[in-house]
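Since the structure comes first, as structure tokens, the remarks are kept for the end.
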Amino acid sequence: MLAPLSRALSVFGQSPSQAKPSTTPFSPEDEQLLDDLERLTCCYFFEQASPETGLVKDRCNARKAASDNTIVASIAATGFGLTALCIGDMRGYISRSEAKARVLTTLRFLHDKLPHHRGFFYHFANINTGERVWDSEISSIDTAILLCGILTCRTHFRDTDITLLAHSISNRVEWTWLSEDTSLLSHGWLPEVGFLPYRWDYYNEMMMMYLLGLGSPTYPLRPEAWDAWKRIPFDYEGMRYIGSFAPLFVHQYSQAWFDFRGKRDKYADYFQNSVVATRVHRRFCMELHRQFPDFSADLWGITASDSPHGYVVWGGPPSTGPIDGTIAPHAAGGSLPFLPQETIQVLRTIRNRYPQTWSGYGFVDALNPLKNWYDTDVVGIDAGITMVMAENARSGYVWKVFMENPEAQRGMERAGFKTYKA
């Protein structure tokens with residue numbers, strides 16, 4: 001049984017002034033927009049989680065949230081949800097006791113009851129029982145996102161019970177099993193057939209997974225695993241960056257927790273790489289103006305999202321889709337630290353020009369103004385990346401607490417990262 005809407009809204013109050021950081025790249029009006037967005041998104045992660053298991057719904061109909069009875073939870077959404085509890089506590093949206101109690105409920109369920117294989121979890125589970133749903137795979141990347149949330153809680157709360165549970169859950173993940181016959185990690189495993197045939201072999205959102213594996217104190221990956229995947233340079237109108245997959249989220253997810261600012265390995269500065277990738281994507285969208293007249297400097301952003309025809313993994317460049325004019329607010333939202341002014345301009349435009357996109361949980365997943373289509377759903381991972389990156393852009397807080405984990409520090413050190421001045 002999920003928490004009733006009125007209960008969650010009473011828990012999530014306005015952000016107290018003392019919780020706000022003293023410096024920010026945003027105007028007071030934009031700060032208020034981001035604060036409202038973070039608070040409502042934190043509400044999603046609190047309300048649309050089972051109070052008995054802590055598992056967070058994969059998605060929810062934001063227009064009918066109080067009566068949404070879907071039961072499919074996502075372990076990646078749960079990782080964002082654990083991070084949301086840290087943000088909610090830090091910002092004063094929720095009491096520390098409420099946040100800590102929910103974290104402990106979640107970690108105990110993950111530790112004691114949620115089915116796993118060698119420490120890795122199924123992608124989707126029943127929100128109330130933890131049972132595998134949709135014949136989903138044991139997922140390497142979704143487990144990594146969950147671990148990032150767990151480790152963020154460990155350093156944010158510094159509570160003995162949370163620390164012990166976080167240690168136990170993260171230390172039992174057998175990264176060496178996932179890489180037993182190759183330096184390239186598998187996308188996952190199915191009990192019916194074994195390892196999936198796909199490997200994490202090109203630059204994308206998987207950097208967090210390799211770094212967690214390198215930093216593991218129990219089953220560490222060999223350092224050569226960091227060198228095994230390909231970094232393909234891409235040129236677009238004179239701008240050069242590493243990119244192998246068009247959706248913008250591939251440049252965002254690892255950087256929700258790992259702080260790459262001012263650091264580089266022997267290949268790249270990945271933070272600046274994401275800056276360039278976001279700038280390129282913005283230009284790519286603006287050049288679609290003739291086809292989609294509402295695309296502009298004020299309105300852009302295509303990444304994996306809902307659409308009038310279901311969930312689509314699309315983006316560009318190169319154009320991947322087929323693109324139909326749908327805008328995903330989390331495309332700009334997930335890049336807030338990379339281009340603060342350009343991305344907040346998009347969120348401000350969507351909020352003011354298209355009130356149909358705003359819900360009790362912040363932005364719905366997508367909109368297509370030319371088709372007069374506005375999503376009804378909030379998708380956990382998409383709302384999550386906007387929430388975390390909004391906080392990082394405003395204060396750097398998630399980066400700060402996550403990078404206090406020795407696993408994160410050791411992973412980046414073993415991957416060869418060095419601090420430098422650009």
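Within each chain, counting starts at residue 1; across the structure tokens, chains are named A, B, ... in the order shown, with ligands numbered 1 upward in that order.
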Practice prompt. Determine which residues of range 171-393 of chain A receive a DSSP assignment of strand (DSSP E or B), computed from the backbone, and state them as a ChimeraX atom specification.
Written response: /A:186,188-190,194-195,199,202,230,233-236,239-242,263-264,296,299,305,312,315,320,327,358-359,362-363,367-368,373-374,377-379
Please produce a file of the residues just selected, as a CSV table (one decimal), in the first residue's frame, where the atoms kept are N, CA and C atoms.
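Generated output (result-v8.csv):
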chain,number,residue,atom,x,y,z
A,186,SER,N,29.1,-7.3,-19.3
A,186,SER,CA,27.9,-7.7,-20.0
A,186,SER,C,26.7,-6.8,-19.5
A,188,GLY,N,23.9,-7.9,-18.9
A,188,GLY,CA,23.1,-8.6,-17.9
A,188,GLY,C,23.1,-10.1,-18.0
A,189,TRP,N,22.2,-10.7,-17.3
A,189,TRP,CA,22.2,-12.1,-17.2
A,189,TRP,C,20.7,-12.6,-17.0
A,190,LEU,N,20.3,-13.7,-17.6
A,190,LEU,CA,19.0,-14.3,-17.4
A,190,LEU,C,19.2,-15.7,-16.9
A,194,GLY,N,21.5,-17.4,-19.4
A,194,GLY,CA,22.8,-17.0,-19.0
A,194,GLY,C,23.1,-15.5,-19.4
A,195,PHE,N,24.3,-15.2,-19.7
A,195,PHE,CA,24.7,-13.8,-20.0
A,195,PHE,C,24.0,-13.4,-21.3
A,199,ARG,N,27.6,-6.3,-24.8
A,199,ARG,CA,28.7,-5.8,-23.9
A,199,ARG,C,28.7,-4.3,-23.9
A,202,TYR,N,31.3,0.6,-25.7
A,202,TYR,CA,31.5,1.9,-26.2
A,202,TYR,C,31.1,3.0,-25.1
A,230,LYS,N,35.6,1.4,-26.1
A,230,LYS,CA,36.0,2.3,-27.2
A,230,LYS,C,35.5,3.7,-26.9
A,233,PRO,N,35.6,9.4,-31.4
A,233,PRO,CA,35.4,10.8,-31.6
A,233,PRO,C,34.3,11.1,-32.6
A,234,PHE,N,33.6,12.2,-32.3
A,234,PHE,CA,32.5,12.6,-33.2
A,234,PHE,C,32.6,14.1,-33.5
A,235,ASP,N,32.5,14.5,-34.8
A,235,ASP,CA,32.6,15.9,-35.2
A,235,ASP,C,31.2,16.4,-35.6
A,236,TYR,N,30.9,17.6,-35.2
A,236,TYR,CA,29.6,18.2,-35.6
A,236,TYR,C,29.9,19.7,-35.8
A,239,MET,N,32.7,21.1,-33.8
A,239,MET,CA,32.8,20.7,-32.4
A,239,MET,C,33.0,19.2,-32.3
A,240,ARG,N,34.0,18.9,-31.5
A,240,ARG,CA,34.5,17.5,-31.4
A,240,ARG,C,34.3,17.0,-30.0
A,241,TYR,N,33.8,15.7,-29.9
A,241,TYR,CA,33.6,15.1,-28.6
A,241,TYR,C,33.5,13.6,-28.8
A,242,ILE,N,33.6,12.9,-27.6
A,242,ILE,CA,33.4,11.4,-27.7
A,242,ILE,C,31.9,11.1,-27.6
A,263,LYS,N,39.0,17.0,-13.7
A,263,LYS,CA,39.7,15.7,-13.7
A,263,LYS,C,39.7,15.1,-15.1
A,264,ARG,N,40.7,14.3,-15.4
A,264,ARG,CA,40.8,13.6,-16.7
A,264,ARG,C,41.6,12.4,-16.6
A,296,SER,N,13.6,25.8,-30.8
A,296,SER,CA,14.3,27.1,-30.8
A,296,SER,C,15.4,27.1,-29.6
A,299,LEU,N,13.5,26.2,-26.6
A,299,LEU,CA,12.8,24.9,-26.5
A,299,LEU,C,13.5,23.8,-27.3
A,305,SER,N,12.6,8.9,-24.1
A,305,SER,CA,11.4,9.4,-23.4
A,305,SER,C,10.1,8.8,-23.9
A,312,VAL,N,10.4,5.9,-26.6
A,312,VAL,CA,11.3,5.8,-27.7
A,312,VAL,C,12.7,6.2,-27.3
A,315,GLY,N,17.3,10.7,-30.3
A,315,GLY,CA,18.1,11.8,-30.1
A,315,GLY,C,18.9,12.2,-31.3
A,320,THR,N,18.3,10.1,-34.7
A,320,THR,CA,17.9,8.8,-34.3
A,320,THR,C,16.4,8.9,-33.8
A,327,ILE,N,9.4,16.8,-27.2
A,327,ILE,CA,10.4,17.4,-26.4
A,327,ILE,C,10.4,16.7,-25.0
A,358,TRP,N,3.1,20.5,-16.2
A,358,TRP,CA,3.4,20.6,-14.8
A,358,TRP,C,2.4,19.8,-14.0
A,359,SER,N,2.9,19.0,-13.0
A,359,SER,CA,2.1,18.2,-12.2
A,359,SER,C,2.5,18.2,-10.7
A,362,GLY,N,6.2,17.6,-10.5
A,362,GLY,CA,7.0,18.4,-11.4
A,362,GLY,C,6.6,18.1,-12.9
A,363,PHE,N,7.6,18.1,-13.8
A,363,PHE,CA,7.3,17.9,-15.2
A,363,PHE,C,6.9,16.5,-15.5
A,367,LEU,N,6.4,16.1,-24.0
A,367,LEU,CA,5.4,16.9,-24.6
A,367,LEU,C,5.6,17.0,-26.1
A,368,ASN,N,4.6,17.2,-26.9
A,368,ASN,CA,4.7,17.5,-28.3
A,368,ASN,C,3.7,18.6,-28.7
A,373,TRP,N,0.0,17.2,-27.8
A,373,TRP,CA,0.1,16.0,-26.9
A,373,TRP,C,0.9,16.3,-25.7
A,374,TYR,N,0.4,16.0,-24.6
A,374,TYR,CA,1.1,16.2,-23.3
A,374,TYR,C,1.0,14.9,-22.5
A,377,ASP,N,2.4,10.8,-17.7
A,377,ASP,CA,3.2,10.0,-16.8
A,377,ASP,C,4.5,10.8,-16.4
A,378,VAL,N,4.9,10.4,-15.2
A,378,VAL,CA,6.3,10.7,-14.7
A,378,VAL,C,7.0,9.4,-14.7
A,379,VAL,N,8.2,9.4,-15.4
A,379,VAL,CA,9.1,8.2,-15.4
A,379,VAL,C,10.2,8.4,-14.4
Worksheet item: When DSSP works through the backbone of this structure, what residues of range 42-214 of chain A end up as alpha helix (DSSP H), shown as a VMD selection string?
Response: chain A and resid 42 to 47 75 to 91 96 to 112 140 to 157 160 to 171 175 to 178 207 to 214
Worksheet entry | All residues 8 Å or closer to range 169-175 of chain A, only C-alpha atoms, same chain fewer than 2 positions away omitted, as an NGL selection string | :A and (110-111 or 118-120 or 147 or 165-167 or 177-179 or 213 or 216-221)
Practice prompt. Return the single residue from A:Ser168, A:Thr163, A:Thr419, A:Ser136 that is closest to Leu196 in chain A, with distances computed using only C-alpha atoms.
Written response: A:Ser136
Worksheet item: Mind pulling up the distance from CA of Asp365 in chain A to CA of Ala328 in chain A?
Response: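 Going from CA of Ala328 in chain A over to CA of Asp365 in chain A covers 6.2 Å.
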Discussion item. Taking only C-alpha atoms into account, name the residue in A:Asn372, A:Ser67, A:Thr152, A:Thr326 that is nearest to Thr83 in chain A.
Written reply: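 Residue with the minimum atom-to-atom distance to Thr83 in chain A: A:Thr152.
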Worksheet item: Any idea what's packed within 12 Å of Arg158 in chain A, counting only C-alpha atoms, ignoring anything in its chain fewer than 6 positions away? Could you give it as number ranges by chain?
Response: A: 86, 100, 103, 150-152, 164-166, 401, 404-405
For the residues in that selection, give me C-alpha atoms as a JSON list (two decimals), in the first residue's frame.
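Saved result, selection-v3.json, follows:
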[["chain", "number", "residue", "atom", "x", "y", "z"],
["A", 86, "CYS", "CA", 19.33, 12.68, 0.85],
["A", 100, "LYS", "CA", 16.33, 7.95, 7.53],
["A", 103, "VAL", "CA", 16.31, 4.59, 3.77],
["A", 150, "ILE", "CA", 22.98, 3.42, -1.66],
["A", 151, "LEU", "CA", 26.48, 4.88, -1.36],
["A", 152, "THR", "CA", 25.09, 8.43, -1.39],
["A", 164, "LEU", "CA", 26.55, -1.50, 7.70],
["A", 165, "LEU", "CA", 23.72, -2.31, 5.29],
["A", 166, "ALA", "CA", 25.29, -0.23, 2.51],
["A", 401, "VAL", "CA", 28.70, 13.37, -0.56],
["A", 404, "GLU", "CA", 33.39, 10.88, -0.07],
["A", 405, "ASN", "CA", 32.92, 7.13, -0.60]]
Item to complete: Tell me, as a list in words, which residues lie within 10 Å of Cys148 in chain A, counting only C-alpha atoms; anything in the same chain fewer than 3 positions away does not count.
Response: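 Once the adjacent positions are removed, what remains is Ala76, Gly79, Phe80, Leu82, Thr83, Asp142, Thr143, Ala144, Ile145, Leu151, Thr152, Cys153, Arg154, Ser170, Met208, Met209, Leu212, Ser254, Ala256, Trp257, Phe258, Phe402, Asn405 and Ala408 of chain A.
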Discussion item. Calculated over only C-alpha atoms, which of the candidates A:Ser244, A:Asn128, A:Gln341, A:Thr53 has the smallest distance to Arg108 in chain A?
Written reply: A:Thr53
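The coordinates place CA of Phe271 in chain A at 13.7 Å from CA of Met412 in chain A.
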Non-local contacts of Gly321 in chain A (10 Å; only C-alpha atoms; under 6 positions in same chain excluded) as a PDB file with C-alpha atoms, in the first residue's frame:
ATOM      1  CA  ALA A 246      22.595   9.704 -29.961  1.00  0.00           C
ATOM      2  CA  PRO A 247      20.350  10.078 -26.837  1.00  0.00           C
ATOM      3  CA  ILE A 302      15.476  14.954 -27.337  1.00  0.00           C
ATOM      4  CA  THR A 303      16.495  11.895 -25.377  1.00  0.00           C
ATOM      5  CA  ALA A 304      14.943   8.543 -24.476  1.00  0.00           C
ATOM      6  CA  VAL A 312      11.290   5.806 -27.745  1.00  0.00           C
ATOM      7  CA  VAL A 313      15.088   5.826 -27.527  1.00  0.00           C
ATOM      8  CA  TRP A 314      15.916   8.756 -29.769  1.00  0.00           C
ATOM      9  CA  GLY A 315      18.140  11.796 -30.058  1.00  0.00           C
TER      10      GLY A 315
END
Quick one: everything within 10 Å of Gly396 in chain A, counting only C-alpha atoms, minus sequence neighbours fewer than 4 positions away in the same chain. Send it as a compact mmCIF listing (two decimals) with N, CA and C atoms, in the first residue's frame.
# COMPACT_ATOMS: atom_id res chain seq x y z
N PRO A 21 21.89 27.02 -0.68
CA PRO A 21 23.31 27.37 -0.74
C PRO A 21 23.50 28.86 -0.96
N THR A 24 25.03 30.33 -6.32
CA THR A 24 24.28 29.58 -7.33
C THR A 24 24.45 30.30 -8.66
N ALA A 256 25.81 12.11 -12.70
CA ALA A 256 24.88 12.46 -11.63
C ALA A 256 25.54 12.25 -10.27
N TRP A 257 26.43 11.26 -10.19
CA TRP A 257 27.09 10.96 -8.91
C TRP A 257 28.60 11.19 -8.96
N ASP A 259 31.92 12.92 -9.78
CA ASP A 259 32.30 14.30 -10.07
C ASP A 259 33.55 14.29 -10.94
N PRO A 337 24.13 21.06 -15.08
CA PRO A 337 25.47 21.49 -14.67
C PRO A 337 26.38 21.84 -15.85
N VAL A 388 18.59 15.20 -9.60
CA VAL A 388 19.98 15.13 -9.12
C VAL A 388 20.84 16.19 -9.79
N MET A 389 20.67 16.37 -11.10
CA MET A 389 21.51 17.35 -11.79
C MET A 389 21.12 18.77 -11.43
N ALA A 390 19.85 19.00 -11.09
CA ALA A 390 19.46 20.33 -10.59
C ALA A 390 20.20 20.63 -9.28
N GLU A 391 20.26 19.64 -8.40
CA GLU A 391 20.97 19.86 -7.14
C GLU A 391 22.47 20.03 -7.36
N ASN A 392 23.05 19.25 -8.26
CA ASN A 392 24.47 19.42 -8.54
C ASN A 392 24.76 20.79 -9.14
N LYS A 400 29.40 16.01 -3.91
CA LYS A 400 30.22 16.10 -2.70
C LYS A 400 30.09 14.86 -1.84
N VAL A 401 28.85 14.48 -1.50
CA VAL A 401 28.70 13.37 -0.56
C VAL A 401 29.03 12.02 -1.21
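Across A:Ala297, A:Ala393, A:Val364, A:Ile94, the tightest approach to Ser335 in chain A is made by A:Ala393 when counting only C-alpha atoms.
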Worksheet entry | Residue with smallest distance to Pro355 in chain A - pool A:Glu47, A:Asp30, A:Asp306, A:Asp375, counting only C-alpha atoms | A:Asp375
Practice prompt. Rank nothing, just name the residue among A:Asp201, A:Tyr93, A:Lys266, A:Phe26 nearest to Gly416 in chain A, using only C-alpha atoms.
Written response: A:Lys266
